[in-house]
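As stored in work25.txt (compact mmCIF, C-alpha atoms and all ligand atoms):
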```
# COMPACT_ATOMS: atom_id res chain seq x y z
CA MET A 1 99.39 -59.28 91.93
CA LYS A 2 101.42 -57.69 94.70
CA LEU A 3 101.85 -53.94 94.96
CA SER A 4 104.37 -51.75 96.74
CA TYR A 5 102.61 -49.01 98.67
CA TYR A 6 103.82 -45.56 99.73
CA PRO A 7 101.46 -44.06 102.36
CA GLY A 8 102.80 -40.53 102.98
CA CYS A 9 102.41 -38.23 105.98
CA THR A 10 98.64 -37.98 106.35
CA LEU A 11 97.45 -41.51 105.60
CA LYS A 12 98.26 -42.79 109.08
CA ASN A 13 96.32 -40.08 110.91
CA HIS A 14 93.78 -37.65 109.44
CA ALA A 15 93.26 -39.76 106.32
CA LYS A 16 93.10 -43.16 108.04
CA ASN A 17 89.72 -43.59 106.34
CA PHE A 18 91.50 -43.34 102.98
CA GLU A 19 94.09 -45.95 103.92
CA ASP A 20 91.85 -48.46 105.72
CA SER A 21 89.20 -48.43 102.99
CA THR A 22 91.90 -48.93 100.34
CA LEU A 23 93.61 -51.81 102.10
CA CYS A 24 90.30 -53.57 102.64
CA SER A 25 89.21 -53.00 99.02
CA LEU A 26 92.46 -54.36 97.60
CA LYS A 27 92.15 -57.41 99.84
CA GLN A 28 88.63 -58.02 98.52
CA LEU A 29 90.03 -57.75 95.00
CA GLY A 30 92.70 -60.32 95.82
CA ILE A 31 95.62 -57.91 95.52
CA GLY A 32 98.52 -58.12 97.95
CA VAL A 33 99.94 -54.86 99.31
CA GLU A 34 103.36 -54.34 100.78
CA GLU A 35 103.94 -51.05 102.57
CA LEU A 36 107.38 -49.59 101.90
CA PRO A 37 109.60 -50.04 104.96
CA ARG A 38 111.33 -46.87 106.23
CA TRP A 39 109.42 -44.51 103.98
CA ASN A 40 109.79 -40.79 104.60
CA CYS A 41 107.62 -37.76 103.82
CA CYS A 42 107.97 -36.84 100.14
CA GLY A 43 107.85 -33.11 100.93
CA THR A 44 104.27 -32.85 99.58
CA VAL A 45 105.09 -30.37 96.80
CA PHE A 46 107.39 -30.70 93.81
CA SER A 47 110.14 -28.14 93.88
CA LEU A 48 109.64 -25.62 91.08
CA THR A 49 112.94 -23.73 91.05
CA THR A 50 115.68 -24.88 88.68
CA ASP A 51 118.51 -24.92 91.22
CA ASP A 52 116.70 -26.52 94.14
CA LEU A 53 117.94 -30.11 94.12
CA ILE A 54 117.78 -30.70 97.85
CA HIS A 55 114.00 -31.03 97.79
CA HIS A 56 114.21 -33.91 95.32
CA ILE A 57 116.18 -35.97 97.83
CA ALA A 58 113.13 -36.97 99.90
CA PRO A 59 111.11 -38.30 96.93
CA VAL A 60 114.10 -40.07 95.40
CA ARG A 61 114.96 -41.70 98.72
CA ASN A 62 111.52 -43.30 98.73
CA LEU A 63 112.14 -44.62 95.24
CA ILE A 64 115.38 -46.17 96.51
CA ARG A 65 113.32 -47.88 99.23
CA ALA A 66 111.12 -49.34 96.52
CA LYS A 67 114.20 -50.67 94.72
CA GLU A 68 115.32 -52.26 97.98
CA GLN A 69 112.07 -54.22 97.90
CA ASN A 70 112.86 -55.24 94.33
CA ALA A 71 109.77 -53.32 93.25
CA ASP A 72 109.72 -51.57 89.91
CA LYS A 73 106.35 -49.95 90.62
CA LEU A 74 105.21 -47.92 93.59
CA PHE A 75 101.66 -46.74 94.21
CA THR A 76 100.27 -43.90 96.30
CA LEU A 77 96.79 -42.90 97.42
CA CYS A 78 97.49 -39.24 98.03
CA ALA A 79 97.38 -37.15 94.86
CA MET A 80 100.08 -34.82 96.20
CA CYS A 81 102.51 -37.65 96.96
CA TYR A 82 101.75 -39.08 93.54
CA ASN A 83 102.59 -35.80 91.84
CA THR A 84 105.73 -35.12 93.89
CA LEU A 85 107.21 -38.61 93.57
CA LYS A 86 106.38 -38.86 89.89
CA ARG A 87 107.69 -35.41 88.96
CA SER A 88 110.93 -35.79 90.90
CA ASN A 89 111.39 -39.19 89.30
CA GLN A 90 110.83 -37.65 85.88
CA ARG A 91 113.22 -34.81 86.62
CA VAL A 92 116.11 -37.11 87.56
CA LYS A 93 115.34 -39.43 84.67
CA ASP A 94 115.55 -36.51 82.23
CA ASN A 95 118.63 -35.03 83.83
CA SER A 96 121.53 -37.38 84.50
CA GLU A 97 123.64 -34.64 86.07
CA ASP A 98 120.98 -33.96 88.73
CA LEU A 99 120.61 -37.67 89.32
CA GLU A 100 124.32 -38.06 89.85
CA LYS A 101 124.41 -35.22 92.36
CA ILE A 102 121.44 -36.66 94.22
CA ASN A 103 123.01 -40.13 94.31
CA ASP A 104 126.27 -38.60 95.52
CA PHE A 105 124.44 -36.79 98.29
CA MET A 106 122.99 -40.11 99.44
CA TYR A 107 126.29 -41.95 99.11
CA ARG A 108 125.55 -44.17 102.10
CA GLU A 109 122.53 -45.69 100.36
CA GLU A 110 123.35 -49.07 98.88
CA ILE A 111 121.37 -48.45 95.73
CA ASN A 112 122.51 -45.98 93.13
CA TYR A 113 119.14 -44.84 91.82
CA GLN A 114 118.65 -45.00 88.07
CA GLY A 115 115.17 -43.49 87.64
CA ASP A 116 113.67 -46.91 87.00
CA VAL A 117 110.75 -47.06 89.45
CA GLN A 118 107.33 -46.34 87.99
CA VAL A 119 105.11 -44.17 90.21
CA LEU A 120 101.40 -44.93 89.98
CA HIS A 121 98.23 -43.69 91.61
CA LEU A 122 95.72 -46.24 92.91
CA LEU A 123 93.06 -44.97 90.52
CA GLU A 124 95.39 -45.68 87.63
CA ILE A 125 96.01 -49.22 88.91
CA LEU A 126 92.29 -49.86 89.31
CA GLN A 127 91.65 -48.59 85.80
CA ASN A 128 94.57 -50.00 83.83
CA GLU A 129 95.88 -53.00 85.72
CA ILE A 130 93.01 -54.48 87.74
CA LYS A 131 90.47 -53.03 85.27
CA PHE A 132 86.99 -51.81 86.09
CA GLU A 133 85.27 -54.79 84.44
CA ASN A 134 86.96 -57.11 86.93
CA ILE A 135 85.95 -54.85 89.81
CA ALA A 136 82.36 -55.02 88.53
CA LYS A 137 82.42 -58.81 88.99
CA LYS A 138 83.31 -58.47 92.67
CA ILE A 139 80.59 -56.02 93.65
CA ASN A 140 78.70 -57.11 96.68
CA LYS A 141 76.50 -54.07 97.17
CA SER A 142 75.77 -51.75 94.27
CA LEU A 143 75.84 -48.08 95.24
CA GLY A 144 72.20 -47.90 94.15
CA GLY A 145 72.29 -44.76 92.08
CA LEU A 146 73.94 -42.57 94.73
CA ASN A 147 74.73 -39.26 92.99
CA VAL A 148 78.50 -38.86 93.23
CA ALA A 149 80.42 -35.82 91.97
CA SER A 150 84.05 -36.86 91.46
CA TYR A 151 86.49 -34.09 92.29
CA TYR A 152 89.99 -34.56 90.84
CA GLY A 153 91.64 -31.33 91.93
CA CYS A 154 95.07 -30.35 90.57
CA MET A 155 97.78 -32.84 91.36
CA LEU A 156 96.21 -35.94 89.85
CA VAL A 157 95.84 -34.33 86.43
CA ARG A 158 98.42 -31.59 86.00
CA PRO A 159 100.86 -31.16 84.35
CA GLN A 160 99.76 -33.18 81.37
CA ASP A 161 102.70 -35.58 81.22
CA ILE A 162 102.27 -36.46 84.90
CA GLY A 163 98.51 -37.04 84.94
CA PHE A 164 97.09 -40.33 83.68
CA ASP A 165 93.76 -38.85 82.66
CA ASP A 166 92.53 -36.00 80.48
CA MET A 167 93.75 -32.84 82.22
CA GLU A 168 90.75 -30.67 81.39
CA ASN A 169 88.06 -33.31 81.54
CA PRO A 170 89.18 -36.36 83.52
CA SER A 171 86.79 -39.30 83.78
CA SER A 172 88.55 -42.19 85.57
CA MET A 173 86.90 -41.62 88.94
CA ASP A 174 83.51 -41.08 87.31
CA ASP A 175 83.92 -44.34 85.39
CA LEU A 176 84.80 -46.15 88.60
CA MET A 177 81.70 -44.69 90.25
CA SER A 178 79.49 -45.97 87.40
CA THR A 179 81.12 -49.38 87.76
CA LEU A 180 80.16 -49.37 91.45
CA GLY A 181 76.53 -48.59 90.60
CA ALA A 182 76.64 -44.91 91.49
CA GLN A 183 75.37 -42.11 89.27
CA PRO A 184 78.31 -39.88 88.27
CA VAL A 185 77.54 -36.17 88.40
CA GLU A 186 79.28 -33.99 85.81
CA PHE A 187 80.24 -30.56 87.10
CA PRO A 188 82.55 -27.84 85.80
CA TYR A 189 84.66 -27.43 88.94
CA LYS A 190 86.11 -30.95 89.05
CA THR A 191 89.68 -29.83 88.38
CA GLU A 192 89.51 -26.41 90.08
CA CYS A 193 92.07 -25.93 92.87
CA CYS A 194 90.66 -26.16 96.43
CA GLY A 195 93.20 -23.60 97.71
CA ALA A 196 95.54 -26.36 98.92
CA TYR A 197 98.03 -25.38 101.65
CA GLN A 198 96.59 -21.88 101.92
CA THR A 199 94.20 -23.47 104.36
CA VAL A 200 96.91 -22.69 106.96
CA ASP A 201 97.16 -18.93 106.49
CA ASN A 202 94.24 -17.91 104.28
CA GLN A 203 91.06 -19.76 105.18
CA ASP A 204 88.94 -17.28 103.25
CA ILE A 205 90.36 -18.34 99.92
CA VAL A 206 89.71 -21.99 100.75
CA ALA A 207 86.17 -21.17 101.87
CA GLU A 208 85.56 -19.34 98.58
CA ARG A 209 86.78 -22.34 96.58
CA THR A 210 84.90 -24.84 98.74
CA PHE A 211 81.76 -22.79 98.24
CA GLN A 212 82.17 -22.68 94.46
CA ILE A 213 83.16 -26.32 94.04
CA LEU A 214 80.56 -27.85 96.34
CA SER A 215 77.69 -25.54 95.32
CA SER A 216 78.37 -26.37 91.70
CA ALA A 217 78.30 -30.12 92.45
CA GLN A 218 75.09 -29.70 94.46
CA SER A 219 73.40 -27.69 91.74
CA ARG A 220 73.96 -30.67 89.42
CA GLY A 221 72.33 -33.03 91.92
CA ALA A 222 75.33 -34.44 93.82
CA GLU A 223 74.56 -36.16 97.12
CA VAL A 224 78.23 -36.75 97.98
CA VAL A 225 81.59 -35.62 96.59
CA ALA A 226 84.41 -38.12 96.03
CA VAL A 227 88.08 -37.08 96.37
CA SER A 228 91.56 -38.59 96.05
CA CYS A 229 93.72 -36.24 98.11
CA PRO A 230 93.84 -35.73 101.90
CA LEU A 231 94.38 -31.97 101.50
CA CYS A 232 91.39 -31.61 99.15
CA ALA A 233 89.42 -33.73 101.63
CA PHE A 234 90.37 -31.48 104.53
CA ASN A 235 89.53 -28.32 102.62
CA LEU A 236 86.28 -29.53 101.13
CA ASP A 237 85.07 -31.23 104.32
CA GLN A 238 86.50 -29.51 107.41
CA ARG A 239 86.48 -26.06 105.86
CA GLN A 240 82.70 -26.27 105.30
CA LYS A 241 82.57 -24.72 108.79
CA LYS A 242 84.31 -21.59 107.52
CA THR A 243 82.37 -21.72 104.25
CA GLU A 244 79.11 -21.62 106.16
CA GLN A 245 80.27 -18.57 108.09
CA ASN A 246 81.33 -16.71 104.96
CA TYR A 247 78.41 -17.79 102.76
CA PRO A 248 75.14 -18.13 104.72
CA GLU A 249 73.36 -19.64 101.71
CA PHE A 250 75.81 -22.57 101.63
CA LYS A 251 74.44 -26.06 102.30
CA HIS A 252 76.51 -28.98 103.66
CA ILE A 253 77.43 -32.01 101.62
CA PRO A 254 79.46 -35.06 102.70
CA VAL A 255 82.90 -35.57 101.16
CA LEU A 256 84.27 -39.11 100.91
CA TYR A 257 87.41 -40.72 99.53
CA PHE A 258 86.63 -42.65 96.37
CA THR A 259 88.06 -45.71 98.12
CA GLN A 260 85.42 -45.52 100.86
CA LEU A 261 82.76 -45.87 98.18
CA LEU A 262 84.75 -48.68 96.60
CA ALA A 263 85.05 -50.48 99.94
CA LEU A 264 81.31 -50.06 100.51
CA ALA A 265 80.50 -51.63 97.14
CA LEU A 266 82.97 -54.48 97.68
CA GLY A 267 81.32 -55.38 100.99
CA CYS A 268 84.14 -54.33 103.32
CA PRO A 269 83.18 -54.16 107.00
CA LYS A 270 81.95 -50.77 108.18
CA LYS A 271 84.94 -50.28 110.44
CA SER A 272 87.25 -50.08 107.43
CA LEU A 273 85.34 -47.03 106.18
CA ARG A 274 86.16 -44.99 109.30
CA LEU A 275 83.08 -42.83 108.78
CA ASP A 276 83.83 -41.24 112.14
CA LEU A 277 86.66 -39.16 110.65
CA HIS A 278 84.44 -36.75 108.73
CA HIS A 279 83.31 -33.26 109.63
CA ILE A 280 80.09 -33.56 107.60
CA ASP A 281 78.67 -36.93 108.55
CA PRO A 282 78.14 -39.12 105.46
CA LYS A 283 76.13 -41.72 107.44
CA PRO A 284 72.64 -40.17 107.00
CA ILE A 285 72.78 -40.18 103.18
CA LEU A 286 74.40 -43.64 103.09
CA LYS A 287 71.67 -44.95 105.43
CA GLU A 288 68.94 -43.31 103.39
CA LYS A 289 70.26 -45.15 100.33
CA GLY A 290 70.37 -48.42 102.26
CA LEU A 291 74.16 -48.65 101.90
CA ILE A 292 75.05 -48.95 105.61
CA MET B 1 97.99 4.73 86.12
CA ARG B 2 101.14 6.21 84.66
CA ILE B 3 104.01 3.79 84.25
CA ASN B 4 107.51 4.97 83.42
CA ILE B 5 109.57 2.44 81.57
CA SER B 6 113.31 2.97 81.70
CA ARG B 7 116.39 1.26 80.38
CA GLN B 8 117.69 1.09 83.91
CA LYS B 9 114.62 -0.86 85.03
CA LEU B 10 114.89 -3.18 82.07
CA LYS B 11 118.42 -4.05 83.15
CA ASN B 12 117.34 -4.83 86.69
CA PRO B 13 119.45 -7.84 87.77
CA LEU B 14 116.47 -9.39 89.54
CA VAL B 15 114.87 -10.00 86.15
CA LYS B 16 117.73 -12.30 85.28
CA LYS B 17 117.35 -14.02 88.64
CA ILE B 18 113.63 -14.60 88.01
CA GLN B 19 114.45 -16.15 84.64
CA GLU B 20 117.20 -18.30 86.14
CA LEU B 21 115.21 -19.59 89.08
CA SER B 22 112.09 -20.25 87.02
CA GLY B 23 113.87 -21.52 83.93
CA GLN B 24 111.45 -19.42 81.86
CA ASN B 25 111.95 -16.90 79.10
CA LEU B 26 109.87 -13.92 80.18
CA LEU B 27 109.94 -12.33 76.73
CA ALA B 28 108.12 -15.30 75.22
CA CYS B 29 104.88 -14.00 76.78
CA TYR B 30 102.70 -12.06 74.32
CA GLN B 31 100.15 -10.97 76.94
CA CYS B 32 97.17 -12.95 75.67
CA GLY B 33 95.77 -13.16 79.20
CA LYS B 34 94.81 -16.83 79.09
CA CYS B 35 96.70 -17.54 82.32
CA SER B 36 94.65 -14.93 84.18
CA ALA B 37 91.39 -16.04 82.59
CA GLY B 38 91.68 -19.52 84.07
CA CYS B 39 93.37 -18.71 87.37
CA PRO B 40 91.12 -19.65 90.31
CA SER B 41 92.84 -17.21 92.69
CA ILE B 42 92.32 -13.85 90.98
CA SER B 43 89.65 -12.65 93.43
CA GLN B 44 92.41 -12.17 96.01
CA MET B 45 95.19 -11.05 93.69
CA ASP B 46 96.44 -7.49 93.40
CA LEU B 47 98.26 -8.27 90.14
CA LEU B 48 96.88 -10.74 87.61
CA PRO B 49 99.19 -13.56 86.46
CA ASN B 50 99.69 -11.97 83.02
CA GLN B 51 100.50 -8.65 84.74
CA VAL B 52 103.11 -10.42 86.84
CA ILE B 53 104.82 -11.52 83.63
CA ARG B 54 104.53 -8.04 82.10
CA TYR B 55 105.94 -6.36 85.20
CA ALA B 56 108.80 -8.86 85.20
CA GLN B 57 109.51 -8.19 81.51
CA LEU B 58 109.77 -4.48 82.26
CA GLY B 59 111.81 -4.85 85.43
CA PHE B 60 109.16 -3.72 87.95
CA THR B 61 110.46 -6.17 90.52
CA ASP B 62 109.64 -4.15 93.67
CA GLU B 63 105.97 -4.23 92.75
CA LEU B 64 106.24 -7.98 92.23
CA ILE B 65 107.97 -8.97 95.43
CA ASN B 66 105.62 -6.78 97.44
CA SER B 67 102.52 -8.14 95.75
CA LYS B 68 99.86 -10.25 97.43
CA THR B 69 99.58 -12.29 94.26
CA ILE B 70 102.73 -14.34 94.70
CA TRP B 71 101.41 -15.70 98.03
CA VAL B 72 97.88 -16.22 96.78
CA CYS B 73 99.05 -18.38 93.88
CA ALA B 74 98.76 -21.99 95.06
CA SER B 75 100.81 -23.57 92.23
CA CYS B 76 97.69 -25.26 90.90
CA MET B 77 99.30 -25.41 87.42
CA THR B 78 96.17 -24.37 85.52
CA CYS B 79 97.97 -21.45 83.87
CA ASN B 80 100.98 -23.59 82.96
CA VAL B 81 98.98 -26.20 81.10
CA ARG B 82 96.98 -23.58 79.20
CA CYS B 83 99.59 -21.01 78.17
CA PRO B 84 99.78 -21.04 74.34
CA LYS B 85 103.45 -20.07 74.55
CA GLY B 86 104.33 -22.90 76.91
CA ILE B 87 105.39 -20.55 79.69
CA ASN B 88 105.37 -21.98 83.19
CA ILE B 89 103.81 -19.09 85.07
CA ALA B 90 103.67 -21.08 88.32
CA GLU B 91 107.46 -21.38 88.19
CA ILE B 92 107.75 -17.59 87.82
CA MET B 93 105.53 -17.13 90.91
CA GLU B 94 107.74 -19.64 92.74
CA ALA B 95 110.91 -17.77 91.72
CA LEU B 96 109.45 -14.55 93.17
CA ARG B 97 108.56 -16.28 96.44
CA GLN B 98 112.01 -17.84 96.56
CA ILE B 99 113.72 -14.47 96.07
CA LEU B 100 112.09 -13.40 99.35
CA LEU B 101 112.43 -16.69 101.19
CA ARG B 102 116.12 -16.92 100.38
CA GLN B 103 116.52 -13.66 102.31
CA ARG B 104 114.59 -15.29 105.15
CA LYS B 105 111.57 -13.08 104.59
CA GLU B 106 109.05 -15.61 105.77
CA HIS B 107 105.43 -15.38 104.75
CA VAL B 108 104.14 -17.77 107.41
CA ASP B 109 105.68 -18.15 110.84
CA LEU B 110 105.15 -21.50 112.54
CA ASN B 111 105.40 -19.85 115.95
CA LYS B 112 102.41 -17.67 115.19
CA LEU B 113 100.05 -20.59 114.59
CA SER B 114 97.77 -21.29 117.52
CA HIS B 115 97.73 -24.59 119.36
CA GLU B 116 94.21 -25.09 118.06
CA GLN B 117 95.34 -24.64 114.45
CA LEU B 118 98.25 -27.01 114.89
CA CYS B 119 95.93 -29.69 116.30
CA GLU B 120 93.33 -29.21 113.60
CA LEU B 121 95.53 -29.13 110.50
CA PRO B 122 96.66 -32.38 108.87
CA PRO B 123 100.43 -32.89 108.30
CA ILE B 124 99.96 -32.50 104.54
CA ALA B 125 98.66 -28.93 105.03
CA LEU B 126 101.44 -27.92 107.40
CA VAL B 127 104.29 -29.48 105.45
CA SER B 128 103.15 -28.04 102.12
CA ASN B 129 102.51 -24.62 103.61
CA PHE B 130 105.94 -24.46 105.20
CA ARG B 131 107.56 -25.69 102.02
CA LYS B 132 105.93 -22.83 100.12
CA SER B 133 105.81 -20.03 102.66
CA SER B 134 108.89 -20.33 104.84
CA SER B 135 112.59 -20.76 104.23
S1 LIG A 301 98.93 -17.39 78.92
FE1 LIG A 301 101.16 -17.34 78.51
S2 LIG A 301 101.42 -15.95 76.76
FE2 LIG A 301 99.34 -15.61 77.57
S3 LIG A 301 99.59 -13.90 79.03
FE3 LIG A 301 99.81 -15.77 80.22
S4 LIG A 301 102.01 -16.19 80.23
FE4 LIG A 301 101.65 -14.71 78.61
S1 LIG A 302 99.43 -21.70 89.37
FE1 LIG A 302 99.03 -19.79 90.48
S2 LIG A 302 98.84 -18.23 88.87
FE2 LIG A 302 98.66 -20.21 87.87
S3 LIG A 302 96.44 -20.60 87.75
FE3 LIG A 302 97.20 -21.58 89.64
S4 LIG A 302 96.93 -20.06 91.27
FE4 LIG A 302 96.77 -18.96 89.27
```
Kindly present the structure from the file in structure tokens form.
Amino acid sequence: MKLSYYPGCTLKNHAKNFEDSTLCSLKQLGIGVEELPRWNCCGTVFSLTTDDLIHHIAPVRNLIRAKEQNADKLFTLCAMCYNTLKRSNQRVKDNSEDLEKINDFMYREEINYQGDVQVLHLLEILQNEIKFENIAKKINKSLGGLNVASYYGCMLVRPQDIGFDDMENPSSMDDLMSTLGAQPVEFPYKTECCGAYQTVDNQDIVAERTFQILSSAQSRGAEVVAVSCPLCAFNLDQRQKKTEQNYPEFKHIPVLYFTQLLALALGCPKKSLRLDLHHIDPKPILKEKGLI
Amino acid sequence: MRINISRQKLKNPLVKKIQELSGQNLLACYQCGKCSAGCPSISQMDLLPNQVIRYAQLGFTDELINSKTIWVCASCMTCNVRCPKGINIAEIMEALRQILLRQRKEHVDLNKLSHEQLCELPPIALVSNFRKSSS
């Protein structure tokens, strides 16, 4: 199997741990990955106003790049890219007039886009195409009952026709964690918004959310929290500094990408985990569990 | 609080604009409050999501465009997926933000962010914030 990959703006810098651990994991699983050449930022958020077509250009242009590679499927790691690419794709598929205008705008592109690229998230590929039972066969180091609270956030699950999991009670990441030998931790805040981009101008709201989400996971016994979005990761990890200031009773907890735990279980070398990119160091708990 | 409803307010042209930009029928809302019950941002809102819809129905647009609420809403889509009338409340919040942004009334100014902030924040945070809070 060979997959076309769209990285997005943060995977090459702040979320290098997300990308490196994914690429190593897919290699261990025998899956080839081809990064889209000349990809551009998708814009990060799907445009919500009816007349705003210009902001669908960036996502659609990436889908044209996929077509240029003769790919009919494109996968992302970032939940926000996934949502933006998939929703814009859906919008132009459902609205031929919009699609025509967008194609006209990009008249120098050789491909006239027809809405025929399928946008997938890695978690969806692991679950439905590679399948968890096949991943189970390749496990090199079981996660030894590490208590993992999987946090899905917003963009992986909402709106309903975009998400690939149950929007109120998703389970795909938890099921992957069980496959890897971890103990999934159920908690009620797994789809609660982390405050997203408000981290730029309203840190207090993000600290409030981080406090609620992480304290809830901890109260259910979580030792780490797994995420699938670089913005959630930033808010839940880096903003623990602010959370501590605003809520003195708050206790730290490491936040990891689900792919770092996957890479660990598949026996990827430690350097692919990039455990140096975290604010709250996950190494002590991973060492305590004999995982690194 | 005393609220005066008038025919003039009801005919406020901005109401039409909100409906156009959001693609939503404001009058479909029957004020059940489910959107507000599930909204994670209410602790910092001055108007609850269901109040935003009610104010819009009645033409109280000044109160809406001056509210904190429209900038505190993070388009998390929780209200949208739960509204029993299928109203996309997040789109109505977006329309209100857009009404201001299209007049270049920025909520966040890139030039006011410190060097430290710019170094600390990942591209995904900056790009999404500017997409939502600046024109
Ligand atoms: S959930 Fe829907 S119908 Fe109920 S108050 Fe909110 S917008 Fe109105
Ligand atoms: S989209 Fe906005 S109004 Fe709706 S639940 Fe989320 S933060 Fe609240």
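Candidate residues B:Gln31, B:Gln117, B:Asn50, B:Ser22 were compared for distance to B:Ala95, and the nearest is B:Ser22, using only C-alpha atoms.
For ligand LIG 302 (chain A), the neighbouring protein, DNA and RNA residues, which are those within 8 Å when only C-alpha atoms and all ligand atoms are counted, are Cys193 of chain A; Cys35, Ser36, Gly38, Cys39, Pro40, Ser41, Ile42, Leu48, Pro49, Ile70, Val72, Cys73, Ala74, Ser75, Cys76, Met77, Thr78, Cys79, Asn80, Ile89, Ala90 and Met93 of chain B.
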Report the centre and edge lengths, in Å to one decimal, of an axis-aligned box enclosing every atom of ligand LIG 301 (chain A) listed in the file, padded by 6 Å on each side, as lines of an AutoDock Vina configuration file.
```
center_x = 100.5
center_y = -15.6
center_z = 78.5
size_x = 15.1
size_y = 15.5
size_z = 15.5
```
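Coordinates place atom CA of A:Ile213 at a distance of 26.7 Å from atom CA of A:Leu48.
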Check which residues of chain B sit at most 9 Å from ligand LIG 301 (chain A) using all atoms listed in the file, and return one row each with the closest pair of atoms and their distance in Å to one decimal, ordered by chain and rising number, as a Markdown table.
```
| residue | atom | partner | partner_atom | distance |
| --- | --- | --- | --- | --- |
| B:Leu26 | CA | A:LIG301 | S4 | 8.2 |
| B:Leu27 | CA | A:LIG301 | FE4 | 8.8 |
| B:Ala28 | CA | A:LIG301 | S2 | 6.9 |
| B:Cys29 | CA | A:LIG301 | FE4 | 3.8 |
| B:Tyr30 | CA | A:LIG301 | S2 | 4.8 |
| B:Gln31 | CA | A:LIG301 | S3 | 3.6 |
| B:Cys32 | CA | A:LIG301 | FE2 | 3.9 |
| B:Gly33 | CA | A:LIG301 | S3 | 3.9 |
| B:Lys34 | CA | A:LIG301 | S1 | 4.2 |
| B:Cys35 | CA | A:LIG301 | S1 | 4.1 |
| B:Ser36 | CA | A:LIG301 | FE3 | 6.6 |
| B:Ala37 | CA | A:LIG301 | S1 | 8.5 |
| B:Pro49 | CA | A:LIG301 | FE3 | 6.6 |
| B:Asn50 | CA | A:LIG301 | S3 | 4.4 |
| B:Gln51 | CA | A:LIG301 | S3 | 7.8 |
| B:Val52 | CA | A:LIG301 | S4 | 8.8 |
| B:Ile53 | CA | A:LIG301 | S4 | 6.4 |
| B:Arg54 | CA | A:LIG301 | FE4 | 8.1 |
| B:Cys79 | CA | A:LIG301 | S1 | 6.5 |
| B:Asn80 | CA | A:LIG301 | FE1 | 7.7 |
| B:Arg82 | CA | A:LIG301 | S1 | 6.5 |
| B:Cys83 | CA | A:LIG301 | S1 | 3.8 |
| B:Pro84 | CA | A:LIG301 | FE1 | 5.7 |
| B:Lys85 | CA | A:LIG301 | S2 | 5.1 |
| B:Gly86 | CA | A:LIG301 | FE1 | 6.6 |
| B:Ile87 | CA | A:LIG301 | FE1 | 5.4 |
| B:Asn88 | CA | A:LIG301 | S4 | 7.3 |
| B:Ile89 | CA | A:LIG301 | S4 | 5.9 |
```
Interface rows for chain B against chain A: nearest pair, Å to one decimal, 6 Å, all atoms listed in the file, as CSV:
```
residue,atom,partner,partner_atom,distance
B:Leu21,CA,A:Thr49,CA,5.1
B:Ser22,CA,A:Thr49,CA,5.4
B:Cys76,CA,A:Cys154,CA,5.7
B:Glu91,CA,A:Leu48,CA,5.6
B:Pro123,CA,A:Thr10,CA,5.7
B:Ile124,CA,A:Thr10,CA,5.9
B:Ala125,CA,A:Tyr197,CA,4.9
B:Ser128,CA,A:Thr44,CA,5.6
B:Asn129,CA,A:Tyr197,CA,4.9
```
Residues within 10 Å of A:Glu249, only C-alpha atoms, excluding chain neighbours under 6 positions, as a ChimeraX atom specification: /A:211,215,243
Atom CA of A:Ser178 to atom CA of A:Tyr151, distance in Å rounded to a single decimal: 14.6 Å
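Using all atoms listed in the file for every distance, the candidate list A:Leu99, A:Val224, A:Leu262, A:Ala58 yields A:Leu262 as the residue closest to A:Leu126.
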Residue among A:Leu77, A:Val60, A:Leu120, A:Leu261 lying closest to A:Lys12, counting all atoms listed in the file: A:Leu77
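Non-sequential neighbours of B:Leu14 (distance at most 10 Å, separation of 2 or more positions within a chain, all atoms listed in the file) are Lys9, Leu10, Lys11, Asn12, Lys16, Lys17, Ile18, Gln19, Glu20, Ala56, Gly59, Phe60, Thr61, Asp62, Leu96 and Ile99 of chain B.
Going from atom CA of A:Tyr5 over to atom CA of A:Thr76, you cover 6.1 Å.
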Who sits within 8 Å of A:Lys86, only C-alpha atoms, same chain under 6 positions skipped, as number ranges by chain: A: 118-120, 162
Among the residues B:Arg102, B:Arg2, B:Arg7, B:Lys112, the one that comes closest to B:Gln57 [using only C-alpha atoms]: B:Arg7
